[in-house]
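Visitor: If it helps, the file is called model_39.cif and holds mmCIF, C-alpha atoms:
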data_work
#
loop_
_atom_site.label_atom_id
_atom_site.label_comp_id
_atom_site.auth_asym_id
_atom_site.auth_seq_id
_atom_site.Cartn_x
_atom_site.Cartn_y
_atom_site.Cartn_z
CA MET A 1 0.00 0.00 0.00
CA ALA A 2 3.06 2.22 -0.15
CA ASP A 3 1.89 3.92 -3.31
CA GLN A 4 -1.48 4.97 -1.80
CA PRO A 5 -1.76 8.67 -0.91
CA THR A 6 -1.46 9.53 2.79
CA ALA A 7 -4.18 11.13 4.90
CA THR A 8 -2.76 14.64 4.44
CA GLU A 9 -2.51 14.19 0.68
CA ARG A 10 -6.07 12.91 0.50
CA PHE A 11 -7.29 15.86 2.56
CA ILE A 12 -5.56 18.49 0.41
CA GLN A 13 -6.50 16.84 -2.89
CA GLY A 14 -10.17 17.02 -2.02
CA ILE A 15 -10.18 20.79 -1.65
CA LEU A 16 -8.95 21.86 -5.07
CA PRO A 17 -6.69 19.45 -7.03
CA GLU A 18 -9.42 16.79 -7.01
CA ASN A 19 -12.36 19.02 -6.17
CA PRO A 20 -15.53 16.91 -6.53
CA VAL A 21 -17.45 19.60 -8.42
CA TYR A 22 -14.89 21.58 -10.46
CA ARG A 23 -12.47 18.72 -11.13
CA GLN A 24 -14.42 15.48 -11.07
CA LEU A 25 -17.76 16.99 -12.14
CA LEU A 26 -19.60 14.74 -9.69
CA GLY A 27 -22.69 15.51 -7.65
CA MET A 28 -24.21 17.76 -10.30
CA CYS A 29 -27.78 17.27 -9.07
CA PRO A 30 -27.38 19.15 -5.75
CA THR A 31 -24.80 21.49 -7.29
CA LEU A 32 -27.31 22.81 -9.79
CA ALA A 33 -30.48 22.41 -7.75
CA VAL A 34 -29.87 23.90 -4.31
CA THR A 35 -27.40 26.71 -5.01
CA ASN A 36 -29.99 29.47 -5.39
CA SER A 37 -29.41 30.49 -1.79
CA LEU A 38 -26.22 30.36 0.27
CA MET A 39 -27.99 28.99 3.33
CA GLY A 40 -29.44 26.09 1.32
CA ALA A 41 -26.06 25.37 -0.27
CA LEU A 42 -24.30 25.27 3.11
CA THR A 43 -26.96 23.01 4.61
CA MET A 44 -26.66 20.66 1.66
CA ALA A 45 -22.85 20.65 1.95
CA GLY A 46 -23.15 19.90 5.67
CA ALA A 47 -25.53 17.00 5.07
CA VAL A 48 -23.31 15.56 2.33
CA GLY A 49 -20.26 15.99 4.58
CA PHE A 50 -21.95 14.10 7.43
CA VAL A 51 -23.03 11.24 5.17
CA LEU A 52 -19.65 11.07 3.41
CA LEU A 53 -17.70 10.97 6.68
CA CYS A 54 -19.89 8.25 8.24
CA ALA A 55 -20.06 6.16 5.06
CA ASN A 56 -16.30 6.41 4.46
CA VAL A 57 -15.36 5.42 8.02
CA ILE A 58 -17.79 2.49 8.18
CA THR A 59 -16.79 1.21 4.74
CA SER A 60 -13.13 1.47 5.71
CA LEU A 61 -13.71 -0.48 8.95
CA ILE A 62 -15.34 -3.38 7.10
CA ARG A 63 -13.14 -3.20 3.98
CA ASP A 64 -11.53 -6.62 4.59
CA LEU A 65 -14.95 -8.28 4.78
CA LEU A 66 -16.22 -6.84 1.49
CA LYS A 67 -16.79 -9.21 -1.39
CA PRO A 68 -16.08 -7.63 -4.78
CA HIS A 69 -19.49 -8.37 -6.27
CA LEU A 70 -21.43 -7.27 -3.18
CA ARG A 71 -19.52 -4.09 -2.36
CA ILE A 72 -21.85 -1.68 -4.16
CA VAL A 73 -24.82 -3.09 -2.21
CA VAL A 74 -22.97 -2.48 1.05
CA PHE A 75 -22.00 1.08 0.01
CA THR A 76 -25.57 1.93 -0.95
CA LEU A 77 -26.98 0.44 2.23
CA THR A 78 -24.57 2.44 4.39
CA ILE A 79 -25.14 5.68 2.49
CA ALA A 80 -28.94 5.29 2.52
CA THR A 81 -28.93 4.80 6.29
CA PHE A 82 -26.98 7.97 7.01
CA VAL A 83 -28.94 10.00 4.47
CA THR A 84 -32.16 8.99 6.20
CA ILE A 85 -30.69 10.00 9.57
CA ALA A 86 -29.62 13.38 8.12
CA ASP A 87 -33.05 13.88 6.55
CA ARG A 88 -34.93 13.15 9.81
CA PHE A 89 -32.53 15.33 11.75
CA LEU A 90 -33.10 18.31 9.43
CA ALA A 91 -36.87 17.83 9.57
CA ALA A 92 -36.70 17.86 13.37
CA TYR A 93 -34.31 20.74 14.00
CA LEU A 94 -34.15 22.81 10.78
CA TYR A 95 -37.75 22.39 9.66
CA GLN A 96 -37.96 25.35 7.26
CA MET A 97 -34.64 24.44 5.63
CA SER A 98 -35.73 20.83 5.19
CA LYS A 99 -38.89 22.07 3.42
CA THR A 100 -36.80 24.33 1.14
CA LEU A 101 -34.40 21.56 0.18
CA GLY A 102 -37.32 19.16 -0.27
CA PRO A 103 -36.43 16.01 -2.22
CA TYR A 104 -32.75 16.92 -2.61
CA ILE A 105 -31.81 15.64 0.85
CA PRO A 106 -33.11 12.09 0.20
CA LEU A 107 -31.42 12.32 -3.22
CA ILE A 108 -28.00 12.43 -1.52
CA ILE A 109 -28.34 8.62 -1.58
CA VAL A 110 -27.56 8.68 -5.30
CA ASN A 111 -24.88 11.37 -5.01
CA CYS A 112 -21.96 9.81 -6.86
CA ILE A 113 -19.33 11.72 -4.84
CA ILE A 114 -20.01 9.49 -1.86
CA ILE A 115 -20.07 6.16 -3.67
CA CYS A 116 -16.95 7.26 -5.56
CA ARG A 117 -15.02 7.97 -2.32
CA CYS A 118 -16.18 4.65 -0.81
CA GLU A 119 -14.91 2.83 -3.89
CA VAL A 120 -11.66 4.75 -4.44
CA VAL A 121 -10.50 5.38 -0.87
CA ALA A 122 -12.52 3.79 1.92
CA SER A 123 -12.59 0.26 0.54
CA LYS A 124 -8.79 0.29 0.18
CA GLN A 125 -7.34 2.43 2.98
CA SER A 126 -7.49 2.76 6.76
CA PRO A 127 -10.30 4.61 8.60
CA GLY A 128 -7.98 7.54 9.37
CA VAL A 129 -7.17 8.14 5.71
CA ALA A 130 -10.82 7.62 4.77
CA ALA A 131 -11.93 10.21 7.33
CA ALA A 132 -9.33 12.75 6.15
CA ASP A 133 -10.42 12.13 2.57
CA ALA A 134 -14.10 12.58 3.51
CA ILE A 135 -13.39 15.90 5.26
CA GLY A 136 -11.27 17.16 2.35
CA GLN A 137 -13.84 16.22 -0.26
CA SER A 138 -16.67 17.70 1.83
CA LEU A 139 -14.79 20.98 2.17
CA GLY A 140 -14.16 21.02 -1.57
CA PHE A 141 -17.84 20.30 -2.22
CA GLY A 142 -18.94 22.94 0.28
CA LEU A 143 -16.66 25.60 -1.22
CA SER A 144 -17.88 24.83 -4.74
CA LEU A 145 -21.53 25.01 -3.71
CA ALA A 146 -20.92 28.21 -1.76
CA SER A 147 -19.13 29.84 -4.72
CA LEU A 148 -22.11 29.10 -7.00
CA ALA A 149 -24.64 30.14 -4.38
CA VAL A 150 -22.94 33.48 -3.64
CA VAL A 151 -23.01 34.45 -7.33
CA ARG A 152 -26.59 33.26 -7.88
CA GLU A 153 -28.12 34.68 -4.71
CA ILE A 154 -26.47 38.10 -5.08
CA LEU A 155 -27.29 38.51 -8.78
CA GLY A 156 -30.72 36.93 -8.50
CA THR A 157 -32.07 38.59 -5.37
CA GLY A 158 -29.54 41.33 -4.60
CA ALA A 159 -29.12 39.79 -1.16
CA LEU A 160 -26.91 37.33 0.72
CA PHE A 161 -28.28 35.20 3.58
CA GLY A 162 -31.48 37.18 2.91
CA ILE A 163 -29.74 40.51 3.79
CA ARG A 164 -29.69 43.10 1.00
CA VAL A 165 -26.13 43.74 -0.25
CA LEU A 166 -26.70 45.37 -3.62
CA PRO A 167 -28.30 48.84 -3.93
CA ALA A 168 -32.07 48.88 -4.42
CA ALA A 169 -31.52 50.10 -7.98
CA TRP A 170 -30.21 46.63 -8.90
CA PRO A 171 -32.81 44.92 -11.12
CA ASP A 172 -32.85 41.44 -9.59
CA TRP A 173 -31.98 38.92 -12.29
CA VAL A 174 -34.63 36.41 -11.29
CA ILE A 175 -33.34 33.95 -13.89
CA MET A 176 -30.21 33.48 -11.77
CA VAL A 177 -32.20 31.80 -8.99
CA LEU A 178 -34.20 29.74 -11.50
CA PRO A 179 -32.75 26.54 -13.03
CA PRO A 180 -31.15 28.24 -16.10
CA GLY A 181 -29.11 30.47 -13.79
CA ALA A 182 -27.50 27.37 -12.30
CA PHE A 183 -26.22 26.28 -15.70
CA PHE A 184 -24.97 29.78 -16.65
CA THR A 185 -23.16 30.27 -13.36
CA PHE A 186 -21.67 26.80 -13.24
CA GLY A 187 -20.44 26.99 -16.84
CA LEU A 188 -18.78 30.36 -16.30
CA LEU A 189 -17.19 29.44 -12.97
CA LEU A 190 -15.94 26.11 -14.35
CA GLY A 191 -14.42 28.00 -17.28
CA CYS A 192 -12.70 30.43 -14.89
CA VAL A 193 -11.26 27.61 -12.76
CA ASN A 194 -9.95 25.80 -15.84
CA TRP A 195 -8.48 29.01 -17.28
CA PHE A 196 -6.60 29.85 -14.07
CA THR A 197 -5.30 26.30 -13.76
CA ALA A 198 -4.12 26.25 -17.36
CA ARG A 199 -2.37 29.61 -16.92
CA ARG A 200 -0.66 28.44 -13.71
CA ASP A 201 0.55 25.26 -15.37
CA ALA A 202 1.86 27.20 -18.35
CA ARG A 203 3.82 29.50 -16.01
CA LYS A 204 5.30 26.52 -14.20
CA GLN A 205 6.58 25.10 -17.45
CA ALA A 206 7.97 28.41 -18.70
CA MET B 207 -26.26 -36.29 -1.00
CA ASP B 208 -23.95 -33.69 0.45
CA THR B 209 -21.20 -34.34 -2.06
CA GLN B 210 -23.70 -34.17 -4.91
CA ASN B 211 -24.84 -30.77 -3.75
CA LYS B 212 -21.29 -29.57 -3.48
CA GLN B 213 -20.60 -30.56 -7.01
CA LYS B 214 -23.71 -28.90 -8.30
CA THR B 215 -23.55 -25.61 -6.45
CA GLY B 216 -19.93 -25.28 -5.52
CA GLY B 217 -20.65 -25.95 -1.85
CA LEU B 218 -21.60 -23.77 1.02
CA LYS B 219 -19.25 -20.94 0.04
CA ALA B 220 -21.12 -20.31 -3.20
CA ASN B 221 -24.48 -20.08 -1.43
CA TYR B 222 -25.92 -16.62 -2.00
CA LEU B 223 -27.25 -16.26 1.52
CA VAL B 224 -23.93 -17.18 3.09
CA GLN B 225 -22.05 -14.81 0.81
CA ALA B 226 -24.42 -12.03 1.71
CA TRP B 227 -24.06 -12.42 5.48
CA LEU B 228 -22.45 -8.99 5.76
CA VAL B 229 -25.25 -7.33 3.79
CA ILE B 230 -27.90 -9.02 5.93
CA PHE B 231 -26.06 -8.20 9.14
CA LEU B 232 -25.65 -4.53 8.14
CA ALA B 233 -29.26 -4.27 6.97
CA VAL B 234 -30.53 -5.47 10.35
CA GLY B 235 -28.13 -3.20 12.26
CA PHE B 236 -28.98 -0.12 10.19
CA GLY B 237 -32.67 -0.94 10.40
CA VAL B 238 -32.51 -0.94 14.20
CA ALA B 239 -30.55 2.34 14.16
CA LEU B 240 -33.11 3.99 11.88
CA ALA B 241 -35.98 2.79 14.03
CA GLY B 242 -34.25 4.40 17.01
CA VAL B 243 -33.79 7.68 15.14
CA GLN B 244 -37.43 7.67 14.09
CA LEU B 245 -38.59 6.97 17.65
CA ALA B 246 -36.50 9.84 18.96
CA LEU B 247 -37.16 12.42 16.25
CA GLY B 248 -40.64 11.46 15.00
CA PRO B 249 -42.55 13.37 17.73
CA VAL B 250 -40.34 16.45 17.20
CA ILE B 251 -41.10 16.44 13.47
CA GLU B 252 -44.85 16.04 14.08
CA GLN B 253 -44.70 18.93 16.56
CA ASN B 254 -42.92 21.10 13.95
CA LYS B 255 -45.70 20.44 11.45
CA LEU B 256 -48.40 21.19 14.03
CA ASN B 257 -46.65 24.38 15.17
CA GLU B 258 -46.41 25.61 11.60
CA THR B 259 -50.16 25.19 11.22
CA LEU B 260 -51.05 26.70 14.61
CA ALA B 261 -48.84 29.72 13.99
CA ARG B 262 -50.88 30.51 10.88
CA VAL B 263 -54.31 30.23 12.48
CA PRO B 264 -54.70 33.79 13.90
CA GLU B 265 -53.78 35.42 10.59
CA LEU B 266 -56.09 33.16 8.62
CA VAL B 267 -59.05 33.78 10.90
CA LEU B 268 -58.62 37.44 11.85
CA GLY B 269 -56.61 38.82 8.95
CA SER B 270 -52.98 39.87 9.30
CA ASP B 271 -53.60 43.36 10.80
CA LEU B 272 -55.80 42.21 13.66
CA ALA B 273 -53.63 39.12 14.23
CA GLN B 274 -50.53 41.28 14.62
CA LYS B 275 -52.37 43.64 16.91
CA MET B 276 -53.46 40.75 19.13
CA ALA B 277 -49.95 39.31 19.20
CA GLY B 278 -48.66 42.78 20.10
CA GLU B 279 -51.04 42.95 23.05
CA ASN B 280 -49.93 39.46 24.05
CA GLN B 281 -53.41 38.03 23.59
CA HIS B 282 -53.86 34.63 22.05
CA LEU B 283 -56.68 32.75 20.39
CA GLU B 284 -57.59 29.40 21.80
CA ILE B 285 -57.22 26.76 19.14
CA ASP B 286 -59.00 23.45 19.34
CA ALA B 287 -57.60 20.91 16.90
CA ARG B 288 -59.58 17.87 15.79
CA GLN B 289 -60.05 15.47 12.91
CA VAL B 290 -63.30 15.49 11.00
CA ALA B 291 -64.16 12.47 8.88
CA VAL B 292 -66.39 12.95 5.86
CA LYS B 293 -67.93 9.97 4.06
CA LYS B 294 -67.43 10.46 0.38
CA ALA B 295 -68.11 7.97 -2.41
CA GLY B 296 -67.74 5.03 -0.04
CA ALA B 297 -64.42 6.19 1.39
CA GLU B 298 -63.80 8.39 4.39
CA LYS B 299 -61.82 11.57 3.91
CA TYR B 300 -60.16 13.20 6.90
CA TYR B 301 -59.77 16.92 7.39
CA GLY B 302 -57.73 18.60 10.11
CA VAL B 303 -60.04 21.24 11.57
CA TYR B 304 -58.85 24.00 13.91
CA GLU B 305 -61.53 25.95 15.72
CA ALA B 306 -60.32 29.34 16.89
CA THR B 307 -62.09 30.88 19.87
CA TYR B 308 -61.42 33.94 21.95
CA LYS B 309 -62.90 34.13 25.46
CA GLY B 310 -65.56 31.60 24.50
CA ASP B 311 -66.57 33.27 21.21
CA ARG B 312 -65.96 31.36 18.04
CA LYS B 313 -63.80 33.54 15.79
CA GLY B 314 -63.54 31.19 12.85
CA TRP B 315 -62.29 27.94 11.43
CA VAL B 316 -59.05 26.86 9.81
CA ILE B 317 -59.13 23.70 7.72
CA LYS B 318 -56.14 21.75 6.51
CA THR B 319 -56.84 20.12 3.19
CA LYS B 320 -54.80 18.61 0.38
CA GLY B 321 -55.32 17.52 -3.19
CA GLN B 322 -53.63 16.99 -6.52
CA GLY B 323 -52.02 20.02 -8.13
CA TYR B 324 -50.24 20.25 -11.48
CA ALA B 325 -47.00 18.70 -10.22
CA ASP B 326 -47.64 17.11 -6.85
CA THR B 327 -49.97 17.31 -3.88
CA ILE B 328 -50.88 20.82 -2.78
CA GLU B 329 -51.54 21.29 0.93
CA LEU B 330 -53.62 24.28 1.97
CA LEU B 331 -54.81 25.99 5.11
CA LEU B 332 -58.19 27.59 4.55
CA GLY B 333 -59.61 30.16 6.95
CA LEU B 334 -63.41 30.44 7.20
CA SER B 335 -65.66 32.81 9.11
CA PRO B 336 -67.61 31.38 12.12
CA ASP B 337 -70.80 31.01 10.04
CA LEU B 338 -68.84 29.44 7.14
CA GLY B 339 -70.12 32.26 4.92
CA THR B 340 -66.85 33.91 3.94
CA ILE B 341 -63.27 32.90 3.26
CA THR B 342 -61.04 34.75 5.70
CA GLY B 343 -57.64 33.52 4.58
CA LEU B 344 -55.63 31.08 2.51
CA PHE B 345 -52.14 29.74 3.06
CA VAL B 346 -50.20 27.22 0.98
CA LEU B 347 -48.41 24.84 3.35
CA ASP B 348 -46.80 22.64 0.74
CA GLN B 349 -46.59 22.64 -3.04
CA LYS B 350 -44.18 21.57 -5.76
CA GLU B 351 -45.67 23.50 -8.69
CA THR B 352 -43.45 24.85 -11.48
CA PRO B 353 -41.14 27.56 -10.09
CA GLY B 354 -41.91 30.94 -11.65
CA LEU B 355 -45.36 29.84 -12.89
CA GLY B 356 -47.54 27.56 -10.74
CA ALA B 357 -45.51 28.37 -7.65
CA LYS B 358 -47.05 31.86 -7.79
CA ILE B 359 -50.08 30.40 -6.02
CA THR B 360 -48.09 31.06 -2.84
CA THR B 361 -47.76 34.82 -3.46
CA ASP B 362 -49.69 37.27 -1.30
CA ALA B 363 -51.17 38.90 -4.40
CA TRP B 364 -52.73 35.72 -5.72
CA ARG B 365 -53.87 34.35 -2.36
CA GLY B 366 -55.32 37.78 -1.53
CA GLN B 367 -58.06 37.24 -4.11
CA PHE B 368 -59.63 34.66 -1.83
CA LEU B 369 -59.93 37.08 1.07
CA HIS B 370 -63.57 37.92 1.76
CA ALA B 371 -64.70 35.72 -1.14
CA PRO B 372 -68.14 34.22 -0.53
CA ALA B 373 -67.99 30.60 0.64
CA ASP B 374 -71.65 29.76 0.03
CA GLN B 375 -71.20 29.33 -3.72
CA PRO B 376 -68.43 27.55 -5.65
CA LEU B 377 -65.58 29.83 -6.73
CA VAL B 378 -64.92 30.11 -10.46
CA VAL B 379 -61.51 30.53 -12.11
CA VAL B 380 -61.42 33.01 -15.01
CA LYS B 381 -58.46 33.63 -17.31
CA THR B 382 -58.58 37.40 -17.33
CA GLY B 383 -60.22 40.06 -15.25
CA ALA B 384 -62.25 38.69 -12.40
CA SER B 385 -65.14 41.13 -12.05
CA LYS B 386 -67.76 39.49 -9.82
CA PRO B 387 -67.33 38.24 -6.26
CA GLY B 388 -66.45 34.56 -6.33
CA GLU B 389 -64.34 34.89 -9.44
CA ILE B 390 -60.62 34.16 -9.21
CA ASP B 391 -57.99 35.26 -11.73
CA ALA B 392 -55.84 32.35 -12.89
CA VAL B 393 -52.07 32.72 -12.59
CA THR B 394 -50.84 33.46 -16.12
CA GLY B 395 -49.34 30.29 -17.56
CA ALA B 396 -50.56 28.19 -14.66
CA THR B 397 -54.27 27.67 -15.20
CA ILE B 398 -54.11 24.10 -13.94
CA SER B 399 -52.45 25.06 -10.65
CA SER B 400 -55.01 27.84 -10.16
CA ARG B 401 -57.92 25.51 -10.92
CA SER B 402 -56.53 22.83 -8.61
CA VAL B 403 -56.39 25.21 -5.65
CA THR B 404 -59.84 26.63 -6.33
CA ALA B 405 -61.42 23.19 -6.88
CA LEU B 406 -59.81 21.98 -3.67
CA ILE B 407 -61.28 24.91 -1.75
CA ASN B 408 -64.73 24.35 -3.25
CA ALA B 409 -64.66 20.64 -2.43
CA THR B 410 -63.45 21.26 1.12
CA ILE B 411 -66.19 23.77 1.87
CA LYS B 412 -68.83 21.50 0.35
CA ASP B 413 -67.64 18.50 2.39
CA LEU B 414 -67.40 20.31 5.69
CA ARG B 415 -70.37 22.69 5.58
CA GLN B 416 -72.73 20.23 7.22
CA PRO B 417 -70.37 18.66 9.80
CA LEU B 418 -69.18 22.06 11.03
CA ALA B 419 -72.60 23.75 11.01
CA ASP B 420 -73.99 20.94 13.18
CA ARG B 421 -71.37 21.52 15.80
CA PRO B 422 -72.43 23.53 18.85
CA ALA B 423 -70.11 26.33 19.87
CA ASP B 424 -68.54 24.36 22.68
CA THR B 425 -64.92 24.84 23.54
CA GLY B 426 -63.02 23.41 26.44
CA LYS B 427 -63.39 19.89 25.08
CA GLY B 428 -60.49 18.02 23.55
CA GLY B 429 -56.91 19.11 23.57
CA ASN B 430 -56.68 22.86 23.64
CA ALA B 431 -53.58 23.70 21.71
CA ASN B 432 -53.26 27.40 22.28
CA GLY B 433 -49.79 28.88 22.11
#
So that I can check it, write out the structure of this file as structure tokens.
Guide:
Amino acid sequence: MADQPTATERFIQGILPENPVYRQLLGMCPTLAVTNSLMGALTMAGAVGFVLLCANVITSLIRDLLKPHLRIVVFTLTIATFVTIADRFLAAYLYQMSKTLGPYIPLIIVNCIIICRCEVVASKQSPGVAAADAIGQSLGFGLSLASLAVVREILGTGALFGIRVLPAAWPDWVIMVLPPGAFFTFGLLLGCVNWFTARRDARKQA
Amino acid sequence: MDTQNKQKTGGLKANYLVQAWLVIFLAVGFGVALAGVQLALGPVIEQNKLNETLARVPELVLGSDLAQKMAGENQHLEIDARQVAVKKAGAEKYYGVYEATYKGDRKGWVIKTKGQGYADTIELLLGLSPDLGTITGLFVLDQKETPGLGAKITTDAWRGQFLHAPADQPLVVVKTGASKPGEIDAVTGATISSRSVTALINATIKDLRQPLADRPADTGKGGNANG
């Protein structure tokens, strides 16, 4: 296992070099659907982080017992359990937020970021590495969602966290908080990230 | 016999159930954990839903101005929650009915009702005057109509049309320019959502007119759920 990345490497990779949204283009459903407000995006990122951490640690603990052809069943079972716990918890303590996010919390079950991390990291490495990887990936996911949500909420409603930040003269671009705005914003931000990375790499080579 | 089986199936190790012991074990363990979570959080979630409804009752019965004034003077309506069953086409339909009283006087009714919208179930709170003659308020508890079109049924402007509408005749949805009392303007581009809400209100009033009119103005009975 000497060639496997260490816990620190896994943690750092998750934030930008292997960012789940901007690099791996995984988890598009919540990325596009819940980023019309920053509060919703952060709640979603928190829920995904909780599920990812629990699923990664449990999968890592039982990794020697996994049979190759039954591993996906075990991943899905573990993920579904923690998603249900997160969903009930939100409904009990953040009732309004759970109504806003609606079906997207149960849909974390099919979020491919989590099953991808279980497959790539947790089923091969120790619980410590798996936990570090889960935290890194969750931070990367949270930052990506927050970046989209900040742009969309400010341009779409002129406010952030529901507090007005743009002058009243700003004509709220309602389309930014509607589904098309998600695609515009994501496309532009993804382009920016790729452009900066390409420029940095070119400088390194020069 | 045993050796024959081994040859045919590859022995005990190839048995699906044995191979899946981990899956079965985890499924049972997770099932127990989820049951525990549901036991612990279920009542909290139910209470959240009830609180959301109860918080809306004063505004739906008295109108927002008077409701705010009462809240400002720290006075509260007494709310009596109950289930009313209506026999309809062989099946029983249940409505959540909240009777609002103040110092023994009935101030009005709030009814929780749900039905099919354009996209998914729409859940409404409908405020009615004590004599069931007038609609005193409408609130959309839950809907998944198209954002930007059908979702406009939740706006104050659209819901406001139902204020003071007569409840003794069915409401009618018109596409442009409601002119008579009892006419409701459809949301542009969302006629089906508008019709669903209006039809739901009409059906609810029709179903409950008799059961509620028969009820004497008694309070004090049942669980008083005033805040």
Visitor: At a cut-off of 12 Å, list the chain A residues touching chain B, using only C-alpha atoms, as JSON, numbers by chain.
Guide: {"A": [58, 59, 62, 63, 64, 65, 66, 67, 68, 69, 70, 71, 72, 73, 74, 75, 76, 77, 78, 79, 80, 81, 82, 83, 84, 85, 86, 87, 88, 89, 90, 91, 92, 93, 94, 95, 96, 98, 99, 100, 101, 102, 103, 174, 175, 176, 177, 178, 179, 180]}
Visitor: Where does the PyMOL selection byres ((chain A and resi 135) around 12) land in this file, that is, which residues does it pick, as a PyMOL selection string?
Guide: chain A and resi 7-15+19+45-46+48-57+114+117+128-134+136-142
Visitor: Just the number, please: distance in Å from CA of Thr185 in chain A to CA of Arg152 in chain A, one decimal.
Guide: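 Pair CA of Thr185 in chain A / CA of Arg152 in chain A returns 7.1 Å.
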Visitor: Taking the point (-19.8, 15.1, -9.3) as given in the file, collect each protein or nucleic acid residue that comes within 12 Å of it, counting only C-alpha atoms, and present the set as a count of residues only.
Guide: 30
Visitor: Expand the PyMOL selection byres ((chain B and resi 284) around 6) into the explicit residue set it covers here, and present it as number ranges by chain.
Guide: B: 283, 285, 306-308, 432
Visitor: Applying the PyMOL selection byres ((chain B and resi 338) around 9) to the file I just gave you, which residues come out? Please list them as a list in words.
Guide: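 Expected selection for the PyMOL selection byres ((chain B and resi 338) around 9) here is Gly314, Trp315, Leu334, Ser335, Pro336, Asp337, Gly339, Thr340, Ile341, Ala373, Asp374, Ile411, Arg415, Leu418 and Ala419 of chain B.
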Visitor: Just want the 12 Å neighbourhood of range 165-172 of chain A, counted on only C-alpha atoms, with same-chain residues fewer than 6 positions away dropped. Output as an mmCIF file with C-alpha atoms, in the coordinates of the input.
Guide:
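Written file, out_31.cif:
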data_model
loop_
_atom_site.group_PDB
_atom_site.id
_atom_site.type_symbol
_atom_site.label_atom_id
_atom_site.label_comp_id
_atom_site.auth_asym_id
_atom_site.auth_seq_id
_atom_site.Cartn_x
_atom_site.Cartn_y
_atom_site.Cartn_z
ATOM 1 C CA VAL A 150 -22.940 33.480 -3.640
ATOM 2 C CA ARG A 152 -26.590 33.260 -7.880
ATOM 3 C CA GLU A 153 -28.120 34.680 -4.710
ATOM 4 C CA ILE A 154 -26.470 38.100 -5.080
ATOM 5 C CA LEU A 155 -27.290 38.510 -8.780
ATOM 6 C CA GLY A 156 -30.720 36.930 -8.500
ATOM 7 C CA THR A 157 -32.070 38.590 -5.370
ATOM 8 C CA GLY A 158 -29.540 41.330 -4.600
ATOM 9 C CA ALA A 159 -29.120 39.790 -1.160
ATOM 10 C CA LEU A 178 -34.200 29.740 -11.500
#
Visitor: May I have the residues within 9 Å of range 293-300 of chain B as a list in words, using all atoms listed in the file and disregarding those fewer than 4 positions away in the same chain?
Guide: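 Close residues of range 293-300 of chain B: Gln289, Thr319 and Asp413 of chain B.
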Visitor: Print the selection's residues with C-alpha atoms to a file, as a PDB file, in the coordinates of the input.
Guide:
ATOM      1  CA  GLN B 289     -60.050  15.470  12.910  1.00  0.00           C
ATOM      2  CA  THR B 319     -56.840  20.120   3.190  1.00  0.00           C
ATOM      3  CA  ASP B 413     -67.640  18.500   2.390  1.00  0.00           C
TER       4      ASP B 413
END
